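Taking it in order: structure first as structure tokens, then the write-up.
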Amino acid sequence: MAEHAQYFADDKARRVYLAKKILSRVFVYLFLTIFALFMLAPFVMMVAGSFINYESFHEFSISADFEYLGFAGGNWGFENYKQVFDVSSGSSVNFPVYFLNTFIVAIGSTTVTVVTAVLAGFAFARLEFKGKDALFALLLATMMIPGEMMVITNVMTVAQIGWENTFAALILVHGVSVFYVFYLRQTFSQIPNELYLAAKVDGVGDLGYLLKVMVPIAMPTITTIIILSMMGAWNSYVWPNLVASEGWKLNPEHSMKLVSNGLRDAFAINDSGATNKEAVKIAGSMVISAPLFIVFIAFRKYIMRGVSRSGIKG
Amino acid sequence: MVANEMILKGNEVNHEKALKSKLISKRRRIQLPQWGVAWLVLLPALIFLTLFMMYPIVNTFLSAFVQNYNYTDSAGSFAIGQFLAGVKGGNDMDMAFGLSNFKMALQDETFLRSIGNTAILVIIEVPLTIIVSLLIATFLNSIKVLKGFYQTIFFLPYVTNTIALGLVFNIVFSNSKGGLINILMAKMGKDPINWLSAKAYPGLEFQGPATRFHQGVVIVLYSLWNGIAFKILVFMSGLATIDSQYYNAAKIDGASNFTIWRRITLPLLSPQILYITITSFIGAFKMYTGVMAVYSGTTNGVKTAYYFGGDYGTEWIPVVGWIYKTLDYSKDKTGIASAASLILLAIIMVITAVQFAVSKKRVHY
């Protein structure tokens with residue numbers, strides 16, 4: 001704050017001011033650093049722990065002897081990851097299948113959600129029809145009802161129509177997101193009406209206009225929605241746990257679990273309350289978290305924009 | 001120049017005329033009117049909305065008031081069907097409406113416990129996370145060097161998987177000697193603590209099972225870790241809109257940093273604080289995965305999705321955890337689960353209303 005220097009009565013007052021300034025700076029950075037370490041500690045633990053062979057990790061848990069964490073002696077390696085992806089008959093977990101399931105659900109639900117949201121957002125932003133305001137208010141109202149109330153009946157509905165342990169239950173039941181409809185309506189409304197009239201002059205119909213003009217212009221918003229929706233599917237736990245925790249209908253041997261459910265149930269624990277495969281679990285966490293970090297680094301801008309608008313998680 | 005402008009204007013008029021005439025001719029050719037197109041494009045969204053959002057709200061509401069809810073009676077699994085049957089008078093399913101589900105829920109000790117648990121966690125978590133994120137946002141806003149770096153770190157928990165990182169927290173707070181926290185405890189000359197498990201770590205039997213307090217500490221820390229990212233983001237965007245003139249004026253008047261924060265930052269940030277307070281309360285009352293995720297270890301036969309510590313998996317069970325557990329274990333208890341969800345909705349609505357009433361005097365828009 002050199003520009004304030006002239007206001008000080010004498011050199012001493014200036015020095016006191018500067019000392020206070022530096023002290024408060026130090027305090028601010030100290031506070032931020034302590035909390036940043038608190039934020040980072042689990043990540044550091046996850047990355048490091050995933051590479052410590054589970055046997056060494058177990059020995060370390062018992063003894064707290066740092067010898068077991070040394071780089072020498074084969075304590076570090078990819079053994080945990082090998083175990084995570086081990087699909088031999090004795091293994092109770094099958095991460096490749098969980099990954100496949102999650103990919104199918106993520107792509108399916110994102111496609112359905114984006115299509116319904118683009119079409120509905122277009123209707124609310126550009127088209128005039130009777131009951132538009134009432135319908136819009138109704139949508140707003142559903143956003144305020146806790147999702148738990150819907151889940152209860154949806155579980156019944158899924159059971160009733162035989163959708164238990166099917167991808168249909170995982171994809172279609174959340175086929176529309178009211179928030180995304182709002183988000184797209186907002187973006188579409190900002191596109192000037194002149195473009196619409198110009199398109200009409202050129203003989204382009206409503207749907208042609210939507211696909212050829214509006215969607216390309218709204219692409220940043222649609223990208224945000226695609227990313228958030230994919231991440232939502234990747235992180236979903238509650239709904240799949242309720243309706244698809246067993247095998248495929250046609251092939252009961254084939255697990256229907258998604259990655260989060262798979263991880264939660266993985267590596268059964270012995271009765272003494274301890275497992276000797278903690279490190280394998282850490283590697284499993286790592287395998288599920290790594291894609292999220294890559295997506296976050298690549299699309300930070302889109303994610304933070306979408307999140308600051310909504311406050312939804314997954 | 002003037003001539004050019006006149007030509008331009010003339011062109012515009014011509015363009016508009018052409019546009020209008022073309023529009024009119026176009027409209028004659030298009031068979032589907034605009035409202036038809038509108039309902040057509042709305043149809044997919046409306047189908048999903050009706051089947052999986054609107055109908056469930058009505059049905060869950062009605063289910064809560066169905067006496068002796070019985071799922072296996074297939075015709076009776078949809079409360080709305082029962083309701084219509086009752087209206088027609090052709091109801092031979094021995095079905096009636098009443099408050100039995102609410103009674104049963106409120107007589108269930110675990111449900112009452114879940115309300116208590118949720119209340120305790122909400123009262124601790126919400127103020128704690130709001131204060132911490134407000135402080136971090138204020139501090140972040142006051143620095144320039146490394147601002148983006150810190151911001152990214154504080155946002156990271158938002159893009160992580162709750163289950164995966166809960167598992168890591170479980171291992172950080174392991175009951176063994178080698179857990180990160182217990183290593184720190186040993187450094188301070190203390191015995192390792194059993195943080196979460198219902199059983200002592202083999203060889204460390206003196207620990208005994210994890211106490212309610214220790215489990216609660218881990219749950220609160222995890223929710224703090226998991227919950228501040230979004231709040232910081234919102235507060236930061238609020239701080240960015242505050243005009244720096246206010247700060248400069250206050251500085252010239254010789255106001256201290258704290259006074260500036262108290263008298264300028266807080267009042268101008270009050271809309272964001274209100275928004276975060278309300279959404280945090282609602283979110284915290286619906287907590288579930290955040291509690292369940294920190295538990296691992298033996299679940300004593302309880303499904304892993306519904307294990308919340310202790311011998312029976314109910315030590316820190318939250319309301320939503322109880323609802324899903326009830327629903328998952330027996331579909332016949334749908335009525336009770338519905339009643340519980342209505343009780344939760346009522347609690348949330350009352351608290352939100354109180355917050356709005358209180359905030360009227362304190363929020364500056």
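Each chain of the structure tokens is named A, B, ... in the order shown, its residues numbered from 1; ligands are numbered from 1 in display order.
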
- Up to 7 Å from chain A, what residues of chain B turn up? Count only C-alpha atoms and give them as a ChimeraX atom specification. /B:19,22-23,34-35,38,41-42,44-45,48-49,52-53,56-57,59-60,136,139,150,153-154,159-161,163-165,168-169,176-179,197,199,201-202,225,230,233-234,297-298,304,328,338,341

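Taking atom CA of Gly310 of chain B and atom CA of Val291 of chain B as endpoints, the distance between them is 13.0 Å.
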
- Excluding segment 258-261 of chain B and any residue of its chain fewer than 3 positions from it, enumerate the residues within 12 Å of it, using only C-alpha atoms, and give them as a list in words.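 Once the adjacent positions are removed, what remains is Ser24 of chain A; Leu134, Leu135, Ala137, Thr138, Phe139, Asn141, Ser142, Leu239, Ile242, Ser244, Tyr246, Tyr247, Asn248, Ala249, Ala250, Lys251, Ile252, Asp253, Gly254, Ala255, Ile264, Thr265, Leu266, Pro267, Leu268 and Leu269 of chain B.
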
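In this model, the gap between atom CA of Val58 of chain B and atom CA of Ala339 of chain B comes to 12.7 Å.
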
- Could you pull out all residues of segment 240-304 of chain A with a DSSP call of alpha helix (DSSP H) and give them as a VMD selection string? chain A and resid 240 to 243 259 to 265 278 to 298 300 to 304

For the residues in the current selection, export C-alpha atoms as a PDB file, in the first residue's frame.
```
ATOM      1  CA  PRO A 240     -28.850 -47.410  -7.832  1.00  0.00           C
ATOM      2  CA  ASN A 241     -28.527 -48.887  -4.358  1.00  0.00           C
ATOM      3  CA  LEU A 242     -32.318 -48.979  -4.002  1.00  0.00           C
ATOM      4  CA  VAL A 243     -33.293 -50.306  -7.427  1.00  0.00           C
ATOM      5  CA  VAL A 259     -18.854 -47.713  -9.320  1.00  0.00           C
ATOM      6  CA  SER A 260     -19.875 -45.994  -6.068  1.00  0.00           C
ATOM      7  CA  ASN A 261     -22.021 -48.932  -4.983  1.00  0.00           C
ATOM      8  CA  GLY A 262     -19.303 -51.358  -5.983  1.00  0.00           C
ATOM      9  CA  LEU A 263     -16.734 -49.480  -3.952  1.00  0.00           C
ATOM     10  CA  ARG A 264     -18.988 -49.221  -0.912  1.00  0.00           C
ATOM     11  CA  ASP A 265     -19.657 -52.941  -0.824  1.00  0.00           C
ATOM     12  CA  GLU A 278      -7.369 -51.341   3.392  1.00  0.00           C
ATOM     13  CA  ALA A 279      -4.830 -50.247   0.796  1.00  0.00           C
ATOM     14  CA  VAL A 280      -6.770 -52.017  -1.961  1.00  0.00           C
ATOM     15  CA  LYS A 281      -9.834 -50.026  -0.934  1.00  0.00           C
ATOM     16  CA  ILE A 282      -7.769 -46.863  -1.166  1.00  0.00           C
ATOM     17  CA  ALA A 283      -6.710 -47.857  -4.662  1.00  0.00           C
ATOM     18  CA  GLY A 284     -10.388 -48.426  -5.492  1.00  0.00           C
ATOM     19  CA  SER A 285     -11.188 -44.911  -4.268  1.00  0.00           C
ATOM     20  CA  MET A 286      -8.351 -43.633  -6.406  1.00  0.00           C
ATOM     21  CA  VAL A 287      -9.608 -45.421  -9.495  1.00  0.00           C
ATOM     22  CA  ILE A 288     -13.027 -43.815  -9.043  1.00  0.00           C
ATOM     23  CA  SER A 289     -11.698 -40.359  -8.198  1.00  0.00           C
ATOM     24  CA  ALA A 290      -9.032 -40.065 -10.908  1.00  0.00           C
ATOM     25  CA  PRO A 291     -11.457 -39.630 -13.847  1.00  0.00           C
ATOM     26  CA  LEU A 292     -13.241 -36.892 -11.867  1.00  0.00           C
ATOM     27  CA  PHE A 293      -9.977 -35.006 -11.373  1.00  0.00           C
ATOM     28  CA  ILE A 294      -9.087 -35.288 -15.046  1.00  0.00           C
ATOM     29  CA  VAL A 295     -12.517 -33.979 -16.044  1.00  0.00           C
ATOM     30  CA  PHE A 296     -12.238 -31.198 -13.468  1.00  0.00           C
ATOM     31  CA  ILE A 297      -8.834 -30.063 -14.705  1.00  0.00           C
ATOM     32  CA  ALA A 298      -9.950 -30.180 -18.331  1.00  0.00           C
ATOM     33  CA  ARG A 300     -12.777 -26.336 -14.714  1.00  0.00           C
ATOM     34  CA  LYS A 301     -14.391 -23.302 -16.307  1.00  0.00           C
ATOM     35  CA  TYR A 302     -17.591 -25.092 -17.327  1.00  0.00           C
ATOM     36  CA  ILE A 303     -17.938 -26.930 -14.033  1.00  0.00           C
ATOM     37  CA  MET A 304     -17.480 -23.911 -11.783  1.00  0.00           C
TER      38      MET A 304
END
```

- Find the residues near segment 276-284 of chain B: any atom within 9 Å, counting only C-alpha atoms, skip ones fewer than 4 places away on the same chain, and give them as a ChimeraX atom specification. /A:146,311 /B:118,121-123,125-127,129-130,227,231,234-235,271-272,288,348-349,351-352,355-356

Same residues, N, CA and C atoms, output as a PDB file, in the first residue's frame:
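File written: part19.pdb
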```
ATOM      1  N   PRO A 146     -38.596 -32.108  -1.510  1.00  0.00           N
ATOM      2  CA  PRO A 146     -37.414 -32.958  -1.323  1.00  0.00           C
ATOM      3  C   PRO A 146     -37.490 -34.208  -2.209  1.00  0.00           C
ATOM      4  N   GLY A 311     -25.798 -25.089  -7.512  1.00  0.00           N
ATOM      5  CA  GLY A 311     -25.651 -25.658  -6.186  1.00  0.00           C
ATOM      6  C   GLY A 311     -26.091 -27.094  -6.130  1.00  0.00           C
TER       7      GLY A 311
ATOM      8  N   THR B 118     -30.023 -36.141  13.469  1.00  0.00           N
ATOM      9  CA  THR B 118     -29.994 -35.136  12.407  1.00  0.00           C
ATOM     10  C   THR B 118     -29.966 -33.741  13.009  1.00  0.00           C
ATOM     11  N   LEU B 121     -26.492 -32.929  14.380  1.00  0.00           N
ATOM     12  CA  LEU B 121     -25.516 -32.694  13.316  1.00  0.00           C
ATOM     13  C   LEU B 121     -25.800 -31.389  12.584  1.00  0.00           C
ATOM     14  N   VAL B 122     -27.091 -31.098  12.353  1.00  0.00           N
ATOM     15  CA  VAL B 122     -27.441 -29.856  11.651  1.00  0.00           C
ATOM     16  C   VAL B 122     -27.000 -28.650  12.472  1.00  0.00           C
ATOM     17  N   ILE B 123     -27.286 -28.695  13.779  1.00  0.00           N
ATOM     18  CA  ILE B 123     -26.972 -27.534  14.625  1.00  0.00           C
ATOM     19  C   ILE B 123     -25.468 -27.288  14.677  1.00  0.00           C
ATOM     20  N   GLU B 125     -23.100 -28.615  12.301  1.00  0.00           N
ATOM     21  CA  GLU B 125     -22.519 -28.512  10.957  1.00  0.00           C
ATOM     22  C   GLU B 125     -22.801 -27.196  10.264  1.00  0.00           C
ATOM     23  N   VAL B 126     -24.057 -26.781  10.261  1.00  0.00           N
ATOM     24  CA  VAL B 126     -24.438 -25.635   9.424  1.00  0.00           C
ATOM     25  C   VAL B 126     -23.706 -24.361   9.842  1.00  0.00           C
ATOM     26  N   PRO B 127     -23.761 -23.961  11.123  1.00  0.00           N
ATOM     27  CA  PRO B 127     -23.011 -22.747  11.484  1.00  0.00           C
ATOM     28  C   PRO B 127     -21.511 -22.910  11.249  1.00  0.00           C
ATOM     29  N   THR B 129     -19.803 -24.815   9.068  1.00  0.00           N
ATOM     30  CA  THR B 129     -19.379 -24.727   7.661  1.00  0.00           C
ATOM     31  C   THR B 129     -19.578 -23.315   7.118  1.00  0.00           C
ATOM     32  N   ILE B 130     -20.652 -22.642   7.542  1.00  0.00           N
ATOM     33  CA  ILE B 130     -20.886 -21.290   7.019  1.00  0.00           C
ATOM     34  C   ILE B 130     -19.807 -20.338   7.512  1.00  0.00           C
ATOM     35  N   GLY B 227     -18.368 -29.909   2.650  1.00  0.00           N
ATOM     36  CA  GLY B 227     -19.440 -28.940   2.482  1.00  0.00           C
ATOM     37  C   GLY B 227     -19.023 -27.510   2.206  1.00  0.00           C
ATOM     38  N   LYS B 231     -20.037 -23.329  -0.772  1.00  0.00           N
ATOM     39  CA  LYS B 231     -20.303 -22.096  -0.034  1.00  0.00           C
ATOM     40  C   LYS B 231     -19.229 -21.052  -0.333  1.00  0.00           C
ATOM     41  N   VAL B 234     -19.929 -19.484  -3.708  1.00  0.00           N
ATOM     42  CA  VAL B 234     -21.028 -18.508  -3.696  1.00  0.00           C
ATOM     43  C   VAL B 234     -20.591 -17.216  -3.009  1.00  0.00           C
ATOM     44  N   PHE B 235     -19.909 -17.344  -1.862  1.00  0.00           N
ATOM     45  CA  PHE B 235     -19.462 -16.138  -1.153  1.00  0.00           C
ATOM     46  C   PHE B 235     -18.462 -15.349  -2.003  1.00  0.00           C
ATOM     47  N   PRO B 271     -27.445 -11.168   1.226  1.00  0.00           N
ATOM     48  CA  PRO B 271     -28.287 -12.024   0.373  1.00  0.00           C
ATOM     49  C   PRO B 271     -27.664 -13.398   0.143  1.00  0.00           C
ATOM     50  N   GLN B 272     -26.350 -13.426  -0.089  1.00  0.00           N
ATOM     51  CA  GLN B 272     -25.676 -14.718  -0.285  1.00  0.00           C
ATOM     52  C   GLN B 272     -25.692 -15.536   1.006  1.00  0.00           C
ATOM     53  N   TYR B 288     -27.360 -37.957   4.304  1.00  0.00           N
ATOM     54  CA  TYR B 288     -27.418 -39.412   4.332  1.00  0.00           C
ATOM     55  C   TYR B 288     -26.074 -40.015   3.921  1.00  0.00           C
ATOM     56  N   ILE B 348     -38.518 -29.163   7.610  1.00  0.00           N
ATOM     57  CA  ILE B 348     -37.758 -28.295   6.704  1.00  0.00           C
ATOM     58  C   ILE B 348     -38.557 -27.030   6.405  1.00  0.00           C
ATOM     59  N   MET B 349     -39.870 -27.206   6.159  1.00  0.00           N
ATOM     60  CA  MET B 349     -40.686 -26.037   5.807  1.00  0.00           C
ATOM     61  C   MET B 349     -40.765 -25.043   6.958  1.00  0.00           C
ATOM     62  N   ILE B 351     -38.618 -24.603   9.406  1.00  0.00           N
ATOM     63  CA  ILE B 351     -37.333 -23.927   9.625  1.00  0.00           C
ATOM     64  C   ILE B 351     -37.056 -22.903   8.535  1.00  0.00           C
ATOM     65  N   THR B 352     -37.399 -23.235   7.294  1.00  0.00           N
ATOM     66  CA  THR B 352     -37.202 -22.274   6.205  1.00  0.00           C
ATOM     67  C   THR B 352     -38.062 -21.038   6.414  1.00  0.00           C
ATOM     68  N   GLN B 355     -36.566 -18.888   9.016  1.00  0.00           N
ATOM     69  CA  GLN B 355     -35.398 -18.171   8.492  1.00  0.00           C
ATOM     70  C   GLN B 355     -35.814 -16.972   7.651  1.00  0.00           C
ATOM     71  N   PHE B 356     -36.832 -17.166   6.828  1.00  0.00           N
ATOM     72  CA  PHE B 356     -37.285 -16.041   6.010  1.00  0.00           C
ATOM     73  C   PHE B 356     -37.803 -14.910   6.885  1.00  0.00           C
TER      74      PHE B 356
END
```

- Message: Residues near Asn75 of chain A, anyone? I mean within 9 Å using only C-alpha atoms, not counting same-chain ones fewer than 5 positions away, as a list in words.
- Response: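 These residues fall inside the cut-off: Phe51, Ile52, Asn53, Tyr54, Glu55, Ser56, Phe57, Tyr68, Leu69 and Gly70 of chain A.
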
Given the selection you just returned, output its residues as a file containing C-alpha atoms, formatted as an mmCIF file, in the first residue's frame.
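selection06.cif, freshly written:
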```cif
data_model
loop_
_atom_site.group_PDB
_atom_site.id
_atom_site.type_symbol
_atom_site.label_atom_id
_atom_site.label_comp_id
_atom_site.auth_asym_id
_atom_site.auth_seq_id
_atom_site.Cartn_x
_atom_site.Cartn_y
_atom_site.Cartn_z
ATOM 1 C CA PHE A 51 0.677 -47.342 -4.102
ATOM 2 C CA ILE A 52 1.661 -48.952 -0.794
ATOM 3 C CA ASN A 53 1.186 -52.690 -1.142
ATOM 4 C CA TYR A 54 -1.695 -53.777 1.034
ATOM 5 C CA GLU A 55 0.448 -56.211 3.002
ATOM 6 C CA SER A 56 2.929 -53.487 3.948
ATOM 7 C CA PHE A 57 0.030 -51.160 4.693
ATOM 8 C CA TYR A 68 6.988 -50.643 6.213
ATOM 9 C CA LEU A 69 6.509 -47.455 4.249
ATOM 10 C CA GLY A 70 10.078 -47.225 2.948
#
```

- Query: What is the distance between atom CA of Ile193 of chain B and atom CA of Gly208 of chain B, in Å to one decimal?
  - Reply: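 Value for the atom CA of Ile193 of chain B-atom CA of Gly208 of chain B distance: 9.0 Å.
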